[in-house]
Structure formats: C-alpha cells, structure tokens
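Source file start12.csv; content: CSV, C-alpha atoms.
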chain,number,residue,atom,x,y,z
A,1,MET,CA,113.6,82.7,98.8
A,2,ALA,CA,110.1,84.1,99.3
A,3,LYS,CA,107.3,81.7,100.3
A,4,PHE,CA,103.6,81.9,99.7
A,5,VAL,CA,101.1,79.5,101.3
A,6,THR,CA,97.3,79.4,100.9
A,7,LEU,CA,96.0,78.5,104.4
A,8,PHE,CA,92.4,78.9,103.3
A,9,SER,CA,90.6,80.3,100.3
A,10,SER,CA,86.8,80.1,99.7
A,11,SER,CA,83.5,81.5,100.9
A,12,LYS,CA,84.1,79.6,104.1
A,13,GLY,CA,87.2,81.5,105.0
A,14,ASN,CA,90.4,83.1,103.6
A,15,SER,CA,93.9,83.5,104.9
A,16,TYR,CA,97.3,83.7,103.1
A,17,TYR,CA,100.9,83.6,104.3
A,18,ILE,CA,103.6,85.6,102.6
A,19,GLY,CA,107.1,85.8,103.9
A,20,SER,CA,110.8,85.1,103.7
A,21,SER,CA,113.9,85.1,106.0
A,22,GLY,CA,112.0,84.3,109.1
A,23,GLN,CA,109.4,87.1,108.9
A,24,ALA,CA,106.0,87.1,107.3
A,25,VAL,CA,102.5,88.6,107.2
A,26,LEU,CA,99.1,87.1,107.0
A,27,ILE,CA,96.5,88.5,104.6
A,28,ASP,CA,93.2,87.9,106.4
A,29,ALA,CA,92.2,85.6,109.2
A,30,GLY,CA,88.9,84.2,108.0
A,31,ARG,CA,88.9,80.9,109.9
A,32,SER,CA,89.1,80.2,113.6
A,33,CYS,CA,92.3,80.7,115.5
A,34,LYS,CA,92.7,76.9,116.0
A,35,GLN,CA,92.2,76.2,112.3
A,36,ILE,CA,94.8,78.8,111.3
A,37,GLU,CA,97.2,77.5,113.9
A,38,GLN,CA,96.8,74.0,112.5
A,39,ALA,CA,97.2,75.1,108.9
A,40,MET,CA,100.4,76.9,109.9
A,41,MET,CA,101.8,73.8,111.6
A,42,GLN,CA,100.9,71.6,108.7
A,43,ASN,CA,103.1,73.8,106.5
A,44,ASN,CA,105.9,74.0,109.1
A,45,LEU,CA,105.3,77.7,109.5
A,46,ASP,CA,106.0,79.5,112.8
A,47,MET,CA,103.3,81.8,114.1
A,48,ARG,CA,106.1,83.8,115.8
A,49,SER,CA,107.3,84.8,112.3
A,50,VAL,CA,104.1,86.6,111.6
A,51,ARG,CA,104.7,90.4,112.0
A,52,ALA,CA,101.1,91.5,111.3
A,53,ILE,CA,97.7,90.6,109.9
A,54,PHE,CA,96.4,92.7,107.1
A,55,VAL,CA,92.6,92.6,106.7
A,56,THR,CA,91.1,93.1,103.3
A,57,HIS,CA,87.6,93.9,104.5
A,58,GLU,CA,85.2,93.2,107.4
A,59,HIS,CA,83.1,90.3,105.9
A,60,SER,CA,83.3,87.3,108.2
A,61,ASP,CA,85.1,85.0,105.8
A,62,HIS,CA,88.1,87.3,106.0
A,63,CYS,CA,88.2,88.1,109.7
A,64,SER,CA,86.3,85.5,111.8
A,65,GLY,CA,89.5,84.3,113.6
A,66,LEU,CA,91.1,87.7,113.9
A,67,ARG,CA,90.3,88.7,117.5
A,68,VAL,CA,91.4,85.5,119.1
A,69,LEU,CA,94.4,85.0,116.8
A,70,ALA,CA,95.8,88.5,117.2
A,71,SER,CA,95.1,88.5,120.9
A,72,ARG,CA,96.8,85.2,121.6
A,73,TYR,CA,100.0,86.2,119.8
A,74,GLY,CA,99.9,89.9,120.2
A,75,ILE,CA,100.0,90.5,116.5
A,76,ASN,CA,99.4,93.9,115.1
A,77,VAL,CA,96.4,94.3,112.8
A,78,TYR,CA,96.2,96.7,109.8
A,79,ALA,CA,93.3,97.7,107.5
A,80,SER,CA,91.7,100.6,105.8
A,81,ALA,CA,89.9,103.1,108.0
A,82,GLY,CA,86.5,101.9,106.8
A,83,THR,CA,87.4,98.3,107.5
A,84,LEU,CA,88.6,99.1,111.0
A,85,GLU,CA,85.2,100.8,111.6
A,86,GLY,CA,83.4,97.7,110.5
A,87,LEU,CA,85.6,95.4,112.6
A,88,LEU,CA,85.0,97.6,115.6
A,89,ALA,CA,81.2,97.6,115.0
A,90,ASP,CA,81.2,93.8,114.7
A,91,GLY,CA,83.3,93.2,117.9
A,92,ARG,CA,86.3,91.9,115.9
A,93,LEU,CA,88.9,94.2,117.6
A,94,ASP,CA,90.4,93.8,121.1
A,95,SER,CA,92.4,96.0,123.4
A,96,ARG,CA,95.0,93.2,123.7
A,97,PHE,CA,96.4,94.0,120.2
A,98,SER,CA,97.1,97.1,118.1
A,99,ALA,CA,94.8,97.9,115.2
A,100,ASP,CA,96.1,100.6,112.8
A,101,ILE,CA,95.1,102.2,109.5
A,102,ILE,CA,97.2,101.5,106.5
A,103,GLU,CA,96.8,104.5,104.2
A,104,SER,CA,98.8,103.5,101.2
A,105,ARG,CA,102.0,101.6,102.3
A,106,LEU,CA,104.1,100.8,105.3
A,107,SER,CA,107.4,99.1,106.1
A,108,LEU,CA,107.4,96.2,108.4
A,109,GLY,CA,110.9,94.9,109.2
A,110,ASP,CA,112.4,94.2,105.8
A,111,MET,CA,109.0,94.0,104.1
A,112,LEU,CA,107.0,96.6,102.3
A,113,ILE,CA,103.2,96.3,102.3
A,114,GLU,CA,101.1,98.3,99.9
A,115,ARG,CA,97.3,98.7,100.0
A,116,ILE,CA,95.5,98.4,96.7
A,117,ASN,CA,91.8,99.5,96.8
A,118,THR,CA,89.2,97.2,95.4
A,119,PRO,CA,85.5,97.6,94.4
A,120,HIS,CA,83.4,95.4,96.7
A,121,ASP,CA,80.2,95.7,98.7
A,122,SER,CA,81.9,96.5,102.0
A,123,ARG,CA,83.0,99.7,103.8
A,124,GLU,CA,86.4,100.1,102.3
A,125,SER,CA,87.9,96.9,100.8
A,126,CYS,CA,91.4,96.5,99.5
A,127,GLY,CA,94.0,94.0,98.4
A,128,TYR,CA,97.7,94.0,99.5
A,129,ARG,CA,100.9,93.8,97.6
A,130,VAL,CA,103.8,92.5,99.7
A,131,THR,CA,107.5,93.0,98.8
A,132,THR,CA,109.5,90.5,100.8
A,133,ALA,CA,113.0,90.9,102.2
A,134,ASP,CA,114.6,89.5,99.1
A,135,GLY,CA,112.7,91.9,96.8
A,136,LYS,CA,110.0,89.5,95.6
A,137,LYS,CA,106.5,90.8,95.2
A,138,ALA,CA,103.2,89.0,95.8
A,139,ILE,CA,99.7,90.3,95.7
A,140,VAL,CA,96.3,89.1,96.9
A,141,ALA,CA,93.6,90.7,94.8
A,142,THR,CA,90.2,89.1,95.5
A,143,ASP,CA,86.6,90.2,96.4
A,144,MET,CA,86.2,92.7,93.6
A,145,GLY,CA,83.4,93.1,91.1
A,146,ILE,CA,85.6,94.4,88.3
A,147,MET,CA,89.3,94.7,87.6
A,148,LEU,CA,90.2,98.3,88.2
A,149,PRO,CA,93.1,99.7,86.1
A,150,SER,CA,95.0,100.5,89.4
A,151,VAL,CA,94.7,96.8,90.5
A,152,ARG,CA,95.8,95.6,87.1
A,153,VAL,CA,98.9,97.9,87.3
A,154,ALA,CA,99.7,96.6,90.8
A,155,VAL,CA,99.4,92.9,89.7
A,156,CYS,CA,101.6,93.5,86.7
A,157,ALA,CA,104.6,94.4,88.9
A,158,CYS,CA,104.4,91.1,90.8
A,159,ASP,CA,106.2,87.8,90.7
A,160,LEU,CA,103.1,86.0,92.2
A,161,ALA,CA,99.5,87.0,92.1
A,162,VAL,CA,96.4,85.6,93.7
A,163,VAL,CA,93.5,86.8,91.5
A,164,GLU,CA,89.8,86.1,92.2
A,165,SER,CA,88.1,83.6,90.0
A,166,ASN,CA,84.9,83.4,92.1
A,167,HIS,CA,82.2,81.9,89.9
A,168,ASP,CA,81.1,80.5,86.6
A,169,VAL,CA,78.4,82.8,85.4
A,170,ASN,CA,76.2,80.0,84.0
A,171,MET,CA,76.4,78.0,87.2
A,172,LEU,CA,75.5,81.1,89.2
A,173,LEU,CA,72.5,82.1,87.0
A,174,SER,CA,71.1,78.6,87.0
A,175,GLY,CA,71.8,77.9,90.6
A,176,PRO,CA,69.6,78.2,93.8
A,177,TYR,CA,70.8,81.6,95.0
A,178,PRO,CA,67.9,84.2,95.3
A,179,TYR,CA,67.9,86.8,92.6
A,180,PRO,CA,69.1,89.7,94.8
A,181,LEU,CA,72.2,87.7,95.8
A,182,LYS,CA,72.9,86.8,92.2
A,183,ARG,CA,72.6,90.4,91.2
A,184,ARG,CA,75.0,91.4,94.0
A,185,ILE,CA,77.6,88.9,93.0
A,186,LEU,CA,77.4,89.9,89.3
A,187,SER,CA,77.6,93.7,90.1
A,188,ASP,CA,80.7,95.9,89.9
A,189,ARG,CA,81.0,95.6,93.6
A,190,GLY,CA,80.5,91.8,93.8
A,191,HIS,CA,83.0,89.1,92.7
A,192,LEU,CA,85.1,88.5,89.7
A,193,SER,CA,83.9,85.7,87.4
A,194,ASN,CA,86.0,82.9,85.9
A,195,ILE,CA,86.0,84.5,82.5
A,196,ALA,CA,86.6,88.1,83.8
A,197,CYS,CA,89.6,86.7,85.6
A,198,ALA,CA,90.9,84.6,82.7
A,199,GLN,CA,90.8,87.5,80.3
A,200,GLU,CA,93.3,89.4,82.5
A,201,LEU,CA,95.8,86.6,82.8
A,202,PRO,CA,97.6,86.8,79.4
A,203,GLY,CA,98.4,90.5,80.1
A,204,PHE,CA,99.8,89.6,83.5
A,205,VAL,CA,102.1,87.0,82.0
A,206,ARG,CA,103.3,89.4,79.3
A,207,ALA,CA,104.1,91.8,82.1
A,208,GLY,CA,106.3,89.2,83.8
A,209,VAL,CA,104.0,87.6,86.4
A,210,LYS,CA,105.1,84.0,86.5
A,211,ARG,CA,103.0,82.5,89.3
A,212,LEU,CA,99.3,82.8,89.0
A,213,VAL,CA,96.9,81.5,91.7
A,214,LEU,CA,93.1,81.5,91.2
A,215,GLY,CA,91.5,82.4,94.5
A,216,HIS,CA,88.3,82.7,96.5
A,217,LEU,CA,86.3,80.2,94.4
A,218,SER,CA,82.7,79.8,95.2
A,219,GLN,CA,81.8,76.4,96.5
A,220,ASP,CA,78.3,76.7,95.1
A,221,ASN,CA,78.9,78.3,91.8
A,222,ASN,CA,82.3,77.1,90.7
A,223,THR,CA,84.7,74.2,90.8
A,224,PRO,CA,88.5,74.1,90.7
A,225,ASP,CA,88.4,72.2,87.3
A,226,VAL,CA,86.1,74.8,85.7
A,227,ALA,CA,88.1,77.8,86.9
A,228,PHE,CA,91.4,76.2,85.9
A,229,ALA,CA,90.1,75.2,82.4
A,230,THR,CA,88.6,78.7,81.8
A,231,ALA,CA,91.9,80.3,82.7
A,232,MET,CA,94.0,77.8,80.7
A,233,CYS,CA,91.8,78.4,77.6
A,234,GLU,CA,92.6,82.1,77.6
A,235,LEU,CA,96.3,81.6,78.2
A,236,THR,CA,96.6,78.9,75.6
A,237,GLN,CA,94.8,81.0,73.0
A,238,ALA,CA,97.3,83.7,73.8
A,239,GLY,CA,100.1,81.3,72.8
A,240,MET,CA,101.4,80.8,76.3
A,241,LYS,CA,102.5,77.5,77.8
A,242,GLN,CA,102.1,76.2,81.4
A,243,GLY,CA,105.5,75.4,82.9
A,244,GLU,CA,107.3,77.7,80.4
A,245,ASP,CA,105.7,81.1,80.4
A,246,PHE,CA,103.7,80.7,83.7
A,247,GLU,CA,102.7,78.4,86.5
A,248,LEU,CA,98.9,78.4,87.1
A,249,SER,CA,97.3,76.8,90.1
A,250,VAL,CA,94.0,77.0,92.1
A,251,ALA,CA,94.2,78.0,95.7
A,252,PRO,CA,92.8,75.1,97.8
A,253,VAL,CA,89.8,75.5,100.0
A,254,GLU,CA,92.0,74.4,102.9
A,255,THR,CA,95.8,74.1,103.1
A,256,ASN,CA,97.3,71.2,101.2
A,257,GLY,CA,100.7,71.5,102.7
A,258,LYS,CA,102.3,72.8,99.5
A,259,ALA,CA,104.1,76.2,99.6
A,260,ILE,CA,104.9,78.2,96.5
A,261,LEU,CA,108.5,79.4,96.4
A,262,PHE,CA,109.0,82.4,94.2

In structure tokens, how does this file's structure come out?
Amino acid sequence: MAKFVTLFSSSKGNSYYIGSSGQAVLIDAGRSCKQIEQAMMQNNLDMRSVRAIFVTHEHSDHCSGLRVLASRYGINVYASAGTLEGLLADGRLDSRFSADIIESRLSLGDMLIERINTPHDSRESCGYRVTTADGKKAIVATDMGIMLPSVRVAVCACDLAVVESNHDVNMLLSGPYPYPLKRRILSDRGHLSNIACAQELPGFVRAGVKRLVLGHLSQDNNTPDVAFATAMCELTQAGMKQGEDFELSVAPVETNGKAILF
C-alpha cells in the first residue's frame, strides 16, 4: 500500500514523503536537515528508502535543508532547469550529490515521477505526480496563482492530491502585509486562495480523487479551520459527503505522526 506523509507544510517550510514497498521520494526539503530527519523518525520512515528529492522551486521554504540533507545521505536531486539555476545561484547545490533536470518524467526504481508546470513567481516552478510501485498516484500541486488546465488534468488522474489552499482573501486584504506583497500573492503567479482551491475540489472528486489534502496554508492569512470549512462548503453544496465520497484533511504545519495510506 502506498504511503503519503506531510513532514512540513507552510510558509516556514515544506516537505512531503511519498512511497511504498521500501522506496520513496521527498517532494521539497524546506526545513533543516535535522528537522527533516526528526520528522522522518517520528513517522517511522527510513531515510535510506528515499531515492531522490524533487524540488518544486528555489524559494527557501522549499529547499533550505536541501544541500545538507542530500549531501549527508548522497541523495540525488531533481528539478526543472530554471530551478536548478536558482539553486546554484543561491548556493543550495553541492558536489557531493547529483542534481539533474527532470524534463517531463522519469522512472526511479519502480516509481514514475512526472513534472507538472505551475504558475508562480520563481524561475521555473512545478509540481510532481508520483506513481508508486503498486500503481497508486499522488500529486503535490502548490505555489500557483491559478489552477492551470494542465494541472487540473494531472490532479484528476490521482488517488491522492495535495492542493494549495494558501490564504483567505479577506484576511489577506485586511492584514498587515504591505500592498506590493498582497498584490503578488493575489496575482496569477502568486498563491491559490481558499475559495479558488475549494471550487476545484468537487471536480476532482467526480474524477475519482478520494484523498484531498489542503496544503501550504499561510500562517498569517489563513487558519486550518477556515481552509477546511471553505473546502467542505463547496463539497457539501455539490452533494458530496466526507467519509463516503472523499476524505478531506489539512496538511499540518509540522508532522503529526499520521500517515495517509492510499
């Protein structure tokens, strides 16, 4: 059975574990090596099972622990060409591990990893869809200002999907952020709001996505309860029931020791 674990998910750092049958990948390494090691141990996960780290983009909350973690364990790193350029410019790469471009897809052991381009204010951001050894599909689709049709299609083919539900628009507009930052977050290359995310969810459930995880919540402009309620409202209005048609959860800021089997 495939296993998905949120190690970290917020503006402070992001990292997700996806795997089965003793092999896995990490999507992002946005906290320190020590913190990721501790999160893995708390979930009874073996770092030796991690075949590669796939980086979505070069912002620090997605790669701050990358260099030390990959160097310590000799783990290969993959990302888009633009992201690798950004990681190199920021000193995030190291000669002690391999860093390669993923153009569209690659096979890694018994897993297939596919790159899904996303619209974000970085050099060349993307999400990843992972097909595990037993044929289950999971996707991490965060850090995007709008839901592109190509991302929507990729999500619809999955068993589990992490979808960004970054901010409540009213909280953002009335909050302390300076106007340029608010405008950036709300732009088509910013972050997906609660309502923008929620409006996509019924379509995903109709397509067969059973496990929905709300990810990358802002700690200043959102709360887990608000994000969850917004999503549930759209799903309930569509006539769908939690526990029957879907399982909805919010990715914790830090690991809570609960893996999702799918």

Considering all atoms listed in the file, state which residue in the set A:Leu148, A:Ala259, A:Leu235, A:Val68 is at the smallest distance from A:Gln42.
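Nearest candidate to A:Gln42 out of A:Leu148, A:Ala259, A:Leu235, A:Val68: A:Ala259.
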
How many Å separate atom CA of A:Met111 from atom CA of A:Asp134?
8.8 Å

Considering only C-alpha atoms, return as a ChimeraX atom specification whatever protein or nucleic-acid residues lie within 8 Å of A:Val213, sequence-local ones (same chain, fewer than 3 positions apart) excluded.
/A:160-163,248-251

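The residue set within 7 Å of A:Ser11, counting only C-alpha atoms and dropping same-chain residues fewer than 3 places from it, reads Asp61, His216, Ser218 and Gln219 of chain A.
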
Selection near A:Ile53, 12 Å with only C-alpha atoms, sequence-local residues under 3 positions removed, as a ChimeraX atom specification:
/A:15-18,24-30,47,49-50,56-57,62-63,65-67,69-71,73-79,97-102,108,113,128

Show me, as a PyMOL selection string, the residues that have an atom within 12 Å of A:Ala227 when counting only C-alpha atoms, minus same-chain residues fewer than 5 positions from it.
chain A and resi 163-169+171+192-198+213-219+221-222+232-234+248-251

State, in Å with one decimal place, the distance from atom CA of A:Arg123 to atom CA of A:Met147.
18.1 Å

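In this structure, atom CA of A:Met144 sits 27.3 Å away from atom CA of A:Lys241.
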
Name all residues at most 10 Å from A:Gln35 (count only C-alpha atoms; drop same-chain ones fewer than 4 positions away) and give them as a VMD selection string.
chain A and resid 7 to 8 29 to 31 39 to 41 65 254

Taking (101.5, 81.2, 79.0) in the file's coordinates, which residues come within 12 Å, counting only C-alpha atoms, written as a short mmCIF file (atom, residue, chain, number, x, y, z; two decimals) with C-alpha atoms, in the coordinates of the input?
data_model
loop_
_atom_site.label_atom_id
_atom_site.label_comp_id
_atom_site.auth_asym_id
_atom_site.auth_seq_id
_atom_site.Cartn_x
_atom_site.Cartn_y
_atom_site.Cartn_z
CA ALA A 198 90.90 84.60 82.70
CA LEU A 201 95.80 86.60 82.80
CA PRO A 202 97.60 86.80 79.40
CA GLY A 203 98.40 90.50 80.10
CA PHE A 204 99.80 89.60 83.50
CA VAL A 205 102.10 87.00 82.00
CA ARG A 206 103.30 89.40 79.30
CA ALA A 207 104.10 91.80 82.10
CA GLY A 208 106.30 89.20 83.80
CA VAL A 209 104.00 87.60 86.40
CA LYS A 210 105.10 84.00 86.50
CA ARG A 211 103.00 82.50 89.30
CA LEU A 212 99.30 82.80 89.00
CA ALA A 231 91.90 80.30 82.70
CA MET A 232 94.00 77.80 80.70
CA CYS A 233 91.80 78.40 77.60
CA GLU A 234 92.60 82.10 77.60
CA LEU A 235 96.30 81.60 78.20
CA THR A 236 96.60 78.90 75.60
CA GLN A 237 94.80 81.00 73.00
CA ALA A 238 97.30 83.70 73.80
CA GLY A 239 100.10 81.30 72.80
CA MET A 240 101.40 80.80 76.30
CA LYS A 241 102.50 77.50 77.80
CA GLN A 242 102.10 76.20 81.40
CA GLY A 243 105.50 75.40 82.90
CA GLU A 244 107.30 77.70 80.40
CA ASP A 245 105.70 81.10 80.40
CA PHE A 246 103.70 80.70 83.70
CA GLU A 247 102.70 78.40 86.50
CA LEU A 248 98.90 78.40 87.10
#

Nearest to A:Ala133 among A:Leu93, A:Leu106, A:Ser21, A:Pro149, with distances taken over only C-alpha atoms: which residue is it?
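Checking each candidate against A:Ala133, we get A:Ser21 as the closest.
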
Nearest to A:Gly109 by atom-to-atom distance, counting all atoms listed in the file, from A:Val226, A:Leu88, A:Val5, A:Ala52:
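Looking at the shortest contact to A:Gly109, the residue is A:Ala52.
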
Which one is closest to A:Asn256: A:Arg129, A:Gly190, A:Leu84, A:Thr6? Count all atoms listed in the file.
A:Thr6

Counting all atoms listed in the file, which residues have an atom no more than 7 Å from (95.5, 97.4, 99.4) in the file's coordinates? Please list them as a list in words.
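Using all atoms listed in the file, the matching residues come out as Glu114, Arg115, Ile116, Asn117, Cys126, Gly127, Tyr128 and Arg129 of chain A.
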